[in-house]
$ cat protein_15.cif   # mmCIF, C-alpha atoms
data_data
loop_
_atom_site.label_atom_id
_atom_site.label_comp_id
_atom_site.auth_asym_id
_atom_site.auth_seq_id
_atom_site.Cartn_x
_atom_site.Cartn_y
_atom_site.Cartn_z
CA MET A 1 0.95 -41.06 -4.14
CA GLY A 2 -1.69 -41.27 -1.47
CA GLY A 3 -4.13 -38.88 0.08
CA THR A 4 -7.77 -38.09 0.51
CA THR A 5 -10.03 -37.30 -2.39
CA SER A 6 -9.75 -33.80 -3.77
CA PRO A 7 -12.87 -31.84 -4.81
CA LEU A 8 -11.03 -31.16 -8.05
CA LYS A 9 -10.98 -33.50 -10.99
CA ARG A 10 -7.44 -34.88 -11.08
CA HIS A 11 -6.12 -35.55 -14.58
CA SER A 12 -4.40 -38.91 -14.97
CA SER A 13 -3.22 -38.63 -18.56
CA PRO A 14 0.41 -37.43 -18.84
CA TYR A 15 -0.41 -36.04 -22.29
CA SER A 16 -3.50 -34.01 -21.40
CA LEU A 17 -1.88 -30.73 -22.39
CA THR A 18 -0.82 -31.88 -25.83
CA THR A 19 -4.44 -31.34 -26.84
CA LYS A 20 -4.94 -28.25 -24.70
CA LEU A 21 -4.18 -24.84 -26.22
CA PHE A 22 -2.86 -22.09 -24.01
CA PRO A 23 -3.63 -18.43 -24.46
CA TYR A 24 -0.40 -16.98 -25.84
CA SER A 25 -0.05 -14.69 -22.84
CA LEU A 26 0.08 -17.64 -20.44
CA TYR A 27 2.40 -19.59 -22.73
CA ALA A 28 4.75 -16.63 -22.75
CA LEU A 29 4.74 -16.38 -18.98
CA PHE A 30 4.95 -20.08 -18.06
CA LEU A 31 7.65 -20.95 -20.59
CA LEU A 32 9.55 -17.77 -21.37
CA LEU A 33 10.02 -16.70 -17.76
CA PRO A 34 12.12 -19.81 -16.92
CA ILE A 35 14.07 -19.28 -20.16
CA ALA A 36 14.76 -15.66 -19.21
CA LEU A 37 15.95 -16.70 -15.74
CA PHE A 38 18.17 -19.33 -17.33
CA ARG A 39 19.76 -16.70 -19.58
CA PHE A 40 20.39 -14.45 -16.61
CA CYS A 41 22.09 -17.24 -14.63
CA PHE A 42 24.53 -17.84 -17.48
CA HIS A 43 24.76 -14.33 -18.97
CA PRO A 44 23.98 -11.62 -16.39
CA PHE A 45 23.15 -8.28 -17.94
CA SER A 46 22.84 -4.72 -16.79
CA SER A 47 19.32 -3.44 -16.31
CA PRO A 48 17.61 -0.73 -14.26
CA THR A 49 17.21 -1.59 -10.59
CA ASN A 50 13.84 0.13 -10.59
CA PRO A 51 11.91 -0.75 -13.76
CA THR A 52 9.05 1.61 -14.45
CA HIS A 53 5.70 0.23 -13.37
CA PRO A 54 2.82 0.77 -15.80
CA SER A 55 0.95 3.99 -15.26
CA SER A 56 -2.76 4.08 -14.61
CA SER A 57 -3.36 4.81 -18.29
CA SER A 58 -1.84 1.46 -19.26
CA ILE A 59 -4.47 -0.46 -17.35
CA GLY A 60 -7.37 1.87 -17.97
CA LYS A 61 -8.42 5.16 -16.43
CA VAL A 62 -11.32 3.70 -14.49
CA VAL A 63 -9.30 3.11 -11.30
CA GLU A 64 -6.14 4.99 -10.32
CA PHE A 65 -3.09 2.74 -10.28
CA CYS A 66 -1.36 2.41 -6.92
CA SER A 67 2.21 1.13 -6.68
CA TYR A 68 2.92 -0.67 -3.44
CA ASN A 69 6.57 -1.50 -4.09
CA ASN A 70 7.98 1.82 -2.80
CA GLY A 71 7.56 2.68 0.85
CA ARG A 72 8.90 2.01 4.32
CA TRP A 73 8.20 -0.15 7.34
CA VAL A 74 6.58 1.70 10.26
CA HIS A 75 5.67 0.59 13.78
CA ASP A 76 2.23 -0.95 14.16
CA LYS A 77 0.79 -1.51 17.64
CA MET A 78 -1.97 -3.78 16.37
CA GLY A 79 0.28 -6.63 15.35
CA PRO A 80 -0.73 -9.62 13.19
CA LEU A 81 -4.19 -11.14 12.72
CA TYR A 82 -3.08 -14.55 14.01
CA ASN A 83 -0.33 -16.23 16.00
CA GLY A 84 1.60 -19.47 15.94
CA SER A 85 -0.78 -21.26 18.26
CA SER A 86 -4.05 -20.06 16.70
CA CYS A 87 -3.17 -21.24 13.18
CA GLY A 88 -2.77 -24.94 12.58
CA THR A 89 -1.47 -24.83 9.00
CA ILE A 90 1.94 -23.23 9.64
CA LYS A 91 4.94 -25.30 8.61
CA GLU A 92 6.85 -25.99 11.82
CA ALA A 93 10.09 -24.51 10.48
CA GLN A 94 8.35 -21.13 10.05
CA ASN A 95 6.53 -21.15 13.39
CA CYS A 96 9.19 -18.99 15.00
CA ILE A 97 7.47 -18.09 18.28
CA SER A 98 6.48 -21.69 18.98
CA HIS A 99 10.11 -22.66 18.32
CA GLY A 100 11.32 -20.33 21.05
CA ARG A 101 12.25 -17.10 19.27
CA PRO A 102 12.53 -14.70 22.22
CA ASP A 103 12.03 -11.35 20.48
CA ILE A 104 8.58 -10.44 19.16
CA GLY A 105 9.30 -6.93 17.93
CA TYR A 106 9.38 -8.13 14.31
CA LEU A 107 5.62 -8.74 14.53
CA TYR A 108 4.79 -5.06 15.05
CA TRP A 109 5.64 -3.45 11.74
CA ARG A 110 3.46 -2.65 8.75
CA TRP A 111 4.33 -1.61 5.22
CA LYS A 112 3.46 2.00 4.42
CA PRO A 113 3.53 2.71 0.65
CA ARG A 114 4.73 6.14 -0.38
CA ARG A 115 1.69 7.47 -2.20
CA CYS A 116 -1.22 5.27 -1.23
CA LYS A 117 -2.72 3.37 1.68
CA LEU A 118 -2.47 -0.34 2.29
CA PRO A 119 -5.41 -1.41 4.45
CA ARG A 120 -5.20 -4.20 6.97
CA PHE A 121 -6.09 -7.60 5.50
CA GLU A 122 -9.84 -8.23 5.50
CA PRO A 123 -10.53 -11.99 5.62
CA TYR A 124 -14.28 -11.65 5.03
CA THR A 125 -13.68 -9.48 1.97
CA PHE A 126 -11.22 -11.94 0.49
CA LEU A 127 -13.60 -14.85 1.03
CA ALA A 128 -16.49 -12.93 -0.50
CA LEU A 129 -14.53 -11.98 -3.61
CA LEU A 130 -13.24 -15.53 -4.15
CA SER A 131 -16.50 -17.35 -3.42
CA ASN A 132 -16.98 -20.50 -5.50
CA LYS A 133 -13.49 -20.21 -6.95
CA HIS A 134 -10.21 -22.09 -6.86
CA ILE A 135 -6.98 -20.22 -6.13
CA ALA A 136 -3.72 -22.10 -6.66
CA PHE A 137 -0.22 -21.24 -5.42
CA VAL A 138 2.35 -22.65 -7.82
CA GLY A 139 6.12 -22.62 -7.52
CA ASP A 140 8.80 -23.30 -4.93
CA SER A 141 8.78 -23.15 -1.14
CA MET A 142 8.15 -19.39 -1.23
CA ALA A 143 4.80 -20.13 -2.89
CA ARG A 144 4.03 -22.49 -0.01
CA ASN A 145 5.16 -19.86 2.51
CA GLN A 146 2.76 -17.31 0.99
CA LEU A 147 -0.04 -19.86 0.82
CA GLU A 148 0.30 -20.72 4.52
CA SER A 149 0.21 -17.02 5.37
CA LEU A 150 -3.08 -16.66 3.49
CA LEU A 151 -4.56 -19.76 5.11
CA CYS A 152 -3.74 -18.41 8.57
CA MET A 153 -5.36 -15.04 7.91
CA LEU A 154 -8.48 -16.59 6.42
CA ALA A 155 -8.68 -19.12 9.24
CA THR A 156 -9.38 -16.26 11.68
CA VAL A 157 -12.94 -16.19 10.29
CA SER A 158 -13.45 -19.49 8.42
CA GLU A 159 -11.95 -22.93 8.96
CA PRO A 160 -9.95 -24.48 6.10
CA ASN A 161 -10.45 -28.21 5.70
CA LEU A 162 -7.57 -30.22 4.25
CA VAL A 163 -9.14 -32.40 1.55
CA TYR A 164 -6.16 -33.58 -0.47
CA THR A 165 -2.48 -34.21 0.19
CA SER A 166 0.14 -35.95 -1.87
CA GLY A 167 3.84 -36.04 -2.65
CA GLU A 168 7.01 -35.81 -0.62
CA ASP A 169 6.70 -33.34 2.27
CA ASN A 170 3.04 -32.82 1.28
CA ARG A 171 4.08 -30.69 -1.66
CA PHE A 172 0.64 -30.98 -3.27
CA ARG A 173 -2.23 -30.05 -0.97
CA THR A 174 -5.77 -28.73 -1.25
CA TRP A 175 -8.00 -27.05 1.30
CA HIS A 176 -11.70 -26.24 1.13
CA PHE A 177 -13.43 -23.31 2.83
CA ALA A 178 -16.97 -24.61 3.12
CA SER A 179 -18.33 -21.23 4.25
CA HIS A 180 -17.71 -19.75 0.78
CA ASN A 181 -16.99 -22.87 -1.28
CA ILE A 182 -13.43 -21.76 -1.96
CA VAL A 183 -10.68 -24.19 -2.92
CA VAL A 184 -7.08 -23.25 -2.10
CA SER A 185 -4.26 -25.42 -3.44
CA VAL A 186 -0.49 -25.53 -3.51
CA TYR A 187 1.48 -27.18 -6.31
CA TRP A 188 5.19 -27.82 -6.05
CA SER A 189 6.73 -26.70 -9.33
CA PRO A 190 9.97 -24.76 -8.68
CA PHE A 191 10.64 -24.19 -12.40
CA LEU A 192 7.05 -24.04 -13.80
CA VAL A 193 8.38 -26.12 -16.68
CA ARG A 194 9.05 -29.86 -16.63
CA GLY A 195 12.15 -30.63 -14.64
CA VAL A 196 14.10 -33.25 -12.71
CA GLU A 197 15.35 -31.91 -9.40
CA LYS A 198 18.83 -32.61 -8.09
CA SER A 199 19.03 -35.16 -5.31
CA ASP A 200 21.41 -36.96 -2.99
CA TYR A 201 20.98 -40.10 -5.09
CA GLY A 202 21.55 -38.67 -8.55
CA PRO A 203 23.29 -35.82 -10.35
CA ASN A 204 23.98 -32.73 -8.24
CA TYR A 205 22.21 -30.47 -10.70
CA ASN A 206 18.70 -29.83 -11.96
CA GLU A 207 17.50 -30.84 -15.42
CA LEU A 208 14.98 -28.50 -17.05
CA TYR A 209 12.98 -28.93 -20.26
CA VAL A 210 12.22 -25.32 -21.04
CA ASP A 211 9.74 -25.98 -23.85
CA SER A 212 7.41 -28.19 -21.79
CA VAL A 213 5.20 -26.92 -18.99
CA ASP A 214 4.97 -28.95 -15.78
CA GLU A 215 1.98 -31.29 -16.04
CA ARG A 216 1.80 -31.68 -12.27
CA TRP A 217 -0.08 -28.40 -12.04
CA THR A 218 -1.10 -27.43 -15.56
CA ALA A 219 -3.26 -30.57 -15.80
CA ASP A 220 -5.66 -28.84 -13.38
CA LEU A 221 -5.81 -25.50 -15.21
CA ASP A 222 -9.39 -26.09 -16.33
CA HIS A 223 -10.40 -26.05 -12.67
CA ILE A 224 -8.34 -23.07 -11.50
CA ASP A 225 -9.65 -19.50 -11.44
CA MET A 226 -6.62 -17.70 -10.00
CA ILE A 227 -2.92 -18.62 -9.96
CA VAL A 228 -0.18 -17.14 -7.77
CA LEU A 229 3.25 -17.97 -9.20
CA SER A 230 6.43 -17.77 -7.16
CA ILE A 231 9.78 -18.99 -8.50
CA GLY A 232 13.39 -17.89 -8.58
CA HIS A 233 15.61 -19.44 -5.91
CA TRP A 234 15.89 -22.83 -7.61
CA PHE A 235 17.29 -21.18 -10.73
CA LEU A 236 20.38 -20.27 -8.73
CA HIS A 237 21.37 -23.94 -8.44
CA PRO A 238 23.47 -25.68 -11.13
CA ALA A 239 21.27 -26.96 -13.94
CA VAL A 240 21.26 -28.47 -17.40
CA TYR A 241 18.65 -27.00 -19.76
CA TYR A 242 17.05 -28.89 -22.63
CA GLN A 243 15.11 -27.38 -25.49
CA SER A 244 13.89 -29.67 -28.27
CA GLY A 245 11.81 -27.13 -30.11
CA SER A 246 8.57 -28.92 -29.31
CA VAL A 247 5.96 -26.49 -27.98
CA LEU A 248 2.71 -27.68 -26.44
CA GLY A 249 0.62 -24.93 -27.94
CA LYS A 250 -0.02 -21.25 -28.10
CA GLY A 251 -3.14 -19.38 -29.02
CA GLY A 252 -6.66 -20.63 -28.70
CA ASN A 253 -9.47 -19.70 -26.32
CA ASP A 254 -9.07 -19.45 -22.57
CA GLY A 255 -12.60 -20.54 -21.76
CA ASN A 256 -13.93 -18.83 -18.65
CA GLY A 257 -10.73 -16.86 -18.18
CA ILE A 258 -8.09 -16.91 -15.47
CA ASP A 259 -6.31 -14.47 -13.17
CA VAL A 260 -2.56 -14.78 -12.69
CA PHE A 261 -0.27 -13.16 -10.11
CA LEU A 262 3.50 -13.36 -10.33
CA THR A 263 5.19 -12.79 -6.98
CA THR A 264 8.60 -11.23 -7.57
CA PHE A 265 11.86 -12.54 -6.16
CA SER A 266 12.18 -12.50 -2.38
CA PRO A 267 15.78 -11.73 -1.30
CA SER A 268 17.57 -13.76 1.35
CA HIS A 269 19.46 -12.13 4.22
CA PHE A 270 22.36 -14.41 5.06
CA GLU A 271 25.24 -12.60 6.72
CA GLY A 272 27.92 -14.73 5.15
CA GLU A 273 27.53 -17.94 3.15
CA TRP A 274 24.34 -19.88 3.86
CA ASP A 275 26.23 -23.18 4.19
CA LYS A 276 29.03 -21.72 6.34
CA ALA A 277 27.15 -20.62 9.45
CA GLY A 278 25.60 -17.66 7.67
CA ALA A 279 22.97 -16.08 9.93
CA CYS A 280 20.32 -13.35 9.95
CA SER A 281 20.45 -11.90 13.44
CA ARG A 282 18.95 -8.44 12.95
CA THR A 283 15.83 -7.67 14.99
CA LYS A 284 14.61 -4.57 13.15
CA PRO A 285 13.87 -3.67 9.51
CA TYR A 286 16.37 -1.79 7.41
CA ARG A 287 15.67 1.83 6.65
CA ARG A 288 15.53 2.60 2.94
CA VAL A 289 18.91 4.37 3.07
CA GLU A 290 20.53 1.32 4.67
CA ARG A 291 19.84 -1.19 1.93
CA ARG A 292 19.54 -0.73 -1.83
CA LEU A 293 18.09 -3.18 -4.31
CA GLU A 294 21.04 -4.20 -6.46
CA GLY A 295 22.97 -7.11 -7.91
CA MET A 296 21.32 -10.47 -8.34
CA ASP A 297 18.19 -9.47 -6.39
CA ALA A 298 17.59 -6.53 -8.74
CA GLU A 299 18.28 -8.60 -11.86
CA MET A 300 15.89 -11.37 -10.85
CA ARG A 301 13.13 -8.87 -10.15
CA ALA A 302 13.78 -7.01 -13.41
CA ILE A 303 13.43 -10.23 -15.43
CA GLU A 304 10.15 -11.11 -13.76
CA VAL A 305 8.71 -7.63 -14.25
CA GLU A 306 9.78 -7.58 -17.90
CA GLU A 307 8.30 -10.99 -18.70
CA MET A 308 5.04 -10.21 -16.93
CA GLU A 309 4.69 -6.94 -18.82
CA ALA A 310 5.22 -8.79 -22.10
CA ALA A 311 2.59 -11.33 -21.09
CA ARG A 312 0.16 -8.56 -20.14
CA LEU A 313 0.51 -6.99 -23.58
CA ASN A 314 -0.31 -10.34 -25.17
CA ALA A 315 -3.27 -10.81 -22.82
CA ARG A 316 -5.05 -7.75 -24.21
CA ARG A 317 -6.32 -9.77 -27.16
CA PHE A 318 -8.48 -11.82 -24.80
CA ASN A 319 -10.68 -8.86 -23.82
CA GLY A 320 -10.16 -9.13 -20.09
CA ARG A 321 -10.62 -12.90 -19.80
CA VAL A 322 -6.95 -13.23 -18.83
CA ARG A 323 -5.84 -10.81 -16.13
CA LEU A 324 -2.16 -10.68 -15.18
CA GLU A 325 -0.59 -8.75 -12.32
CA ILE A 326 2.90 -8.48 -10.88
CA LEU A 327 2.98 -8.80 -7.10
CA ASP A 328 6.06 -6.68 -6.61
CA VAL A 329 7.36 -7.57 -3.16
CA THR A 330 11.13 -7.56 -3.72
CA LYS A 331 11.87 -4.12 -2.26
CA LEU A 332 9.66 -4.40 0.79
CA SER A 333 11.04 -7.87 1.50
CA LEU A 334 14.63 -6.68 1.09
CA LEU A 335 14.11 -4.33 4.05
CA ARG A 336 13.06 -7.11 6.46
CA PRO A 337 16.14 -9.10 7.52
CA ASP A 338 14.46 -9.56 10.90
CA GLY A 339 11.53 -11.56 9.54
CA HIS A 340 13.23 -14.91 8.89
CA PRO A 341 13.26 -17.96 11.18
CA GLY A 342 17.04 -17.88 11.40
CA PRO A 343 18.10 -20.57 13.92
CA TYR A 344 14.47 -20.97 15.01
CA MET A 345 13.76 -23.11 12.01
CA TYR A 346 14.44 -25.69 14.72
CA ALA A 347 12.62 -25.85 18.03
CA PHE A 348 14.58 -24.20 20.87
CA PRO A 349 17.99 -24.42 19.15
CA PHE A 350 19.86 -23.02 22.15
CA ALA A 351 18.18 -25.07 24.86
CA ASN A 352 21.47 -26.84 25.57
CA GLY A 353 23.65 -23.75 25.24
CA VAL A 354 25.01 -21.73 22.32
CA HIS A 355 26.71 -23.81 19.65
CA ASP A 356 29.51 -22.66 17.36
CA ARG A 357 27.47 -23.57 14.30
CA VAL A 358 23.69 -23.44 14.04
CA GLN A 359 21.99 -23.69 10.68
CA ASN A 360 19.87 -20.65 9.86
CA ASP A 361 16.95 -20.13 7.48
CA CYS A 362 17.32 -16.63 6.10
CA VAL A 363 15.20 -17.29 3.00
CA HIS A 364 11.71 -18.18 4.22
CA TRP A 365 9.58 -16.02 6.49
CA CYS A 366 8.26 -16.46 10.00
CA LEU A 367 4.51 -16.86 10.29
CA PRO A 368 3.09 -14.47 11.20
CA GLY A 369 5.57 -12.10 9.63
CA PRO A 370 6.41 -9.78 6.72
CA ILE A 371 5.06 -12.24 4.13
CA ASP A 372 1.53 -11.47 5.35
CA THR A 373 1.96 -8.13 3.57
CA TRP A 374 2.18 -9.92 0.23
CA ASN A 375 -1.38 -11.14 0.66
CA GLN A 376 -2.52 -7.71 1.82
CA ILE A 377 -1.35 -6.30 -1.50
CA MET A 378 -2.87 -9.17 -3.47
CA LEU A 379 -6.25 -8.50 -1.88
CA GLN A 380 -6.10 -4.84 -2.92
CA VAL A 381 -5.48 -5.86 -6.54
CA ILE A 382 -8.39 -8.31 -6.43
CA LYS A 383 -10.61 -5.54 -5.04
CA ARG A 384 -9.52 -3.24 -7.87
CA TRP A 385 -10.29 -5.93 -10.42
CA ASN A 386 -13.74 -6.34 -8.90
CA VAL A 387 -14.44 -2.60 -9.10
CA ASP A 388 -13.17 -2.46 -12.68
CA SER A 389 -15.40 -5.38 -13.69
CA ARG A 390 -18.52 -3.81 -12.18
CA ARG A 391 -17.86 -0.47 -13.86
CA VAL A 392 -17.27 -2.10 -17.23
CA VAL A 393 -20.60 -3.92 -16.90
CA LYS A 394 -22.35 -0.60 -16.16
CA LEU A 395 -20.80 0.95 -19.28
CA MET A 396 -22.00 -1.86 -21.53
CA PRO A 397 -25.03 -0.94 -23.67
#
$ encode --input "protein_15.cif" --output "structure tokens"
Amino acid sequence: MGGTTSPLKRHSSPYSLTTKLFPYSLYALFLLLPIALFRFCFHPFSSPTNPTHPSSSSIGKVVEFCSYNNGRWVHDKMGPLYNGSSCGTIKEAQNCISHGRPDIGYLYWRWKPRRCKLPRFEPYTFLALLSNKHIAFVGDSMARNQLESLLCMLATVSEPNLVYTSGEDNRFRTWHFASHNIVVSVYWSPFLVRGVEKSDYGPNYNELYVDSVDERWTADLDHIDMIVLSIGHWFLHPAVYYQSGSVLGKGGNDGNGIDVFLTTFSPSHFEGEWDKAGACSRTKPYRRVERRLEGMDAEMRAIEVEEMEAARLNARRFNGRVRLEILDVTKLSLLRPDGHPGPYMYAFPFANGVHDRVQNDCVHWCLPGPIDTWNQIMLQVIKRWNVDSRRVVKLMP
């Protein structure tokens, strides 16, 4: 694997984690979440479509809890912070305007939560709060999609420099924001645990080892301050799961601490089967009464919320050194069938006329697009954490 030198220390030993002890809360999240998703894929169960979010009392009375998952999309004349030509880090397949998408109405909507405000993303604030830190996006292509959204918004005020790239399709990359000494990385790990992905040259199923975390990203944990996890879609493919009973570790000290976000499942919007000319041709968001969260989308979200809540309970023993937060974007994403590349995953797909069959991407999000809202919400949580930390320090004798 080639690439330029990363500012991070890259671990070369494949057994580095056998001597590294995880906090139990992180062990529970990294290993038990894939197990829970596996159980759902084989044994779906009935669960509430709207699990109760923790009240403000469950996270302390210092700052009022604000739930962003319930709301509606409203018109916004301001539009996005960036565009497809001003941001150079957008994956081509998500650069919808540059690929010839003719309608731009999908760019002029903002998420309005029911009982609180969601301010416009503030790049300077984000950079200030993450100064001298390393934030890593870990998971599947949705993690990369969210990462590229963040890079584009931050790039409006500070230039990201690509300092490391490796792997097929540049699945492992690192950027450095020199203005604030911030490192931003993406790690391809669609299962979080060790796995062998299906391919055209081998078995047509994934192989997962659910009791072993994926060393490709956990080897760098000592150098990561904040993790944004995003998985789910790859668990819907056929897979064989292995569990030998060998656990890498649980318990121990978490050193300087770590912050972890789990981005909930992002629904797709194929009208029909994805591999049978399924498309997503809507040009406006759904109203809340038009689309309910149900079925597989609801079950996937419920599992993620449940496992994160369990991990948060375990994290209490570390006195705030491990902070865990669910980034609950399933409902707001469900209402945006208009935000996907659709046929514009390819450049000018109808330049030679309309074809009977054009492949559509109704999973990932156009950039700019609705996925920018995910990072808006994440910034508000980081701001709350910062306020909480300062107030706790003031209360200390």
$ atom_distance --input "protein_15.cif" --atom1 "CA of His180 (chain A)" --atom2 "CA of Leu127 (chain A)"
6.4 Å
$ atom_distance --input "protein_15.cif" --atom1 "CA of Ala143 (chain A)" --atom2 "CA of Arg384 (chain A)"
22.7 Å
$ residues_around --input "protein_15.cif" --residues "Leu162 (chain A)" --least-positions-apart "4" --cutoff "9 Å" --atoms "all atoms listed in the file" --output "ChimeraX atom specification"
/A:4,173-176
$ resolve_selection --input "protein_15.cif" --expression "the PyMOL selection byres ((chain A and resi 279-283) around 6)" --output "MDAnalysis selection string"
chainID A and resid 269:271 278 284 338 342 360 362
$ resolve_selection --input "protein_15.cif" --expression "the PyMOL selection byres ((chain A and resi 214-216) around 6)" --output "list in words"
Leu192, Val193, Arg194, Val213, Trp217, Thr218 and Ala219 of chain A
$ resolve_selection --input "protein_15.cif" --expression "the PyMOL selection byres ((chain A and resi 230) around 6)" --output "PyMOL selection string"
chain A and resi 139+143+229+231+263
$ residues_around --input "protein_15.cif" --residues "Ile258 (chain A)" --least-positions-apart "4" --cutoff "7 Å" --atoms "only C-alpha atoms" --output "MDAnalysis selection string"
chainID A and resid 225:226 321:323
$ residues_near_point --input "protein_15.cif" --point "(9.7, -5.1, -10.6)" --cutoff "6 Å" --atoms "all atoms listed in the file" --output "PyMOL selection string"
chain A and resi 51+301-302+305+328
$ closest_residue --input "protein_15.cif" --among "A:Ser268, A:Ser158, A:Ser67, A:Gln359" --to "Ser333 (chain A)" --atoms "all atoms listed in the file"
A:Ser268
$ atom_distance --input "protein_15.cif" --atom1 "CA of Ala310 (chain A)" --atom2 "CA of Leu147 (chain A)"
26.0 Å
$ closest_residue --input "protein_15.cif" --among "A:Asp297, A:Gly257, A:Val74, A:Gly353" --to "Asn319 (chain A)" --atoms "all atoms listed in the file"
A:Gly257
$ closest_residue --input "protein_15.cif" --among "A:Ala311, A:Leu324, A:Leu332, A:Met142" --to "Arg114 (chain A)" --atoms "all atoms listed in the file"
A:Leu332
$ closest_residue --input "protein_15.cif" --among "A:Met378, A:Leu151, A:Cys366, A:Leu221" --to "Asn95 (chain A)" --atoms "only C-alpha atoms"
A:Cys366
$ closest_residue --input "protein_15.cif" --among "A:Lys383, A:Arg144, A:Arg120, A:Arg110" --to "Ser185 (chain A)" --atoms "only C-alpha atoms"
A:Arg144
$ closest_residue --input "protein_15.cif" --among "A:Arg336, A:Lys112, A:Trp188, A:Thr156" --to "Asn170 (chain A)" --atoms "all atoms listed in the file"
A:Trp188
$ residues_near_point --input "protein_15.cif" --point "(-0.1, -5.5, 15.2)" --cutoff "12 Å" --atoms "only C-alpha atoms" --output "list in words"
Val74, His75, Asp76, Lys77, Met78, Gly79, Pro80, Leu81, Tyr82, Asn83, Ile104, Gly105, Tyr106, Leu107, Tyr108, Trp109, Arg110, Trp111, Arg120, Phe121, Pro368, Gly369, Pro370 and Asp372 of chain A
$ axis_aligned_box --input "protein_15.cif" --around "region 139-152 of chain A" --padding-each-side "5 Å" --output "lines of an AutoDock Vina configuration file"
center_x = 2.1
center_y = -20.0
center_z = 0.5
size_x = 23.4
size_y = 16.6
size_z = 26.1
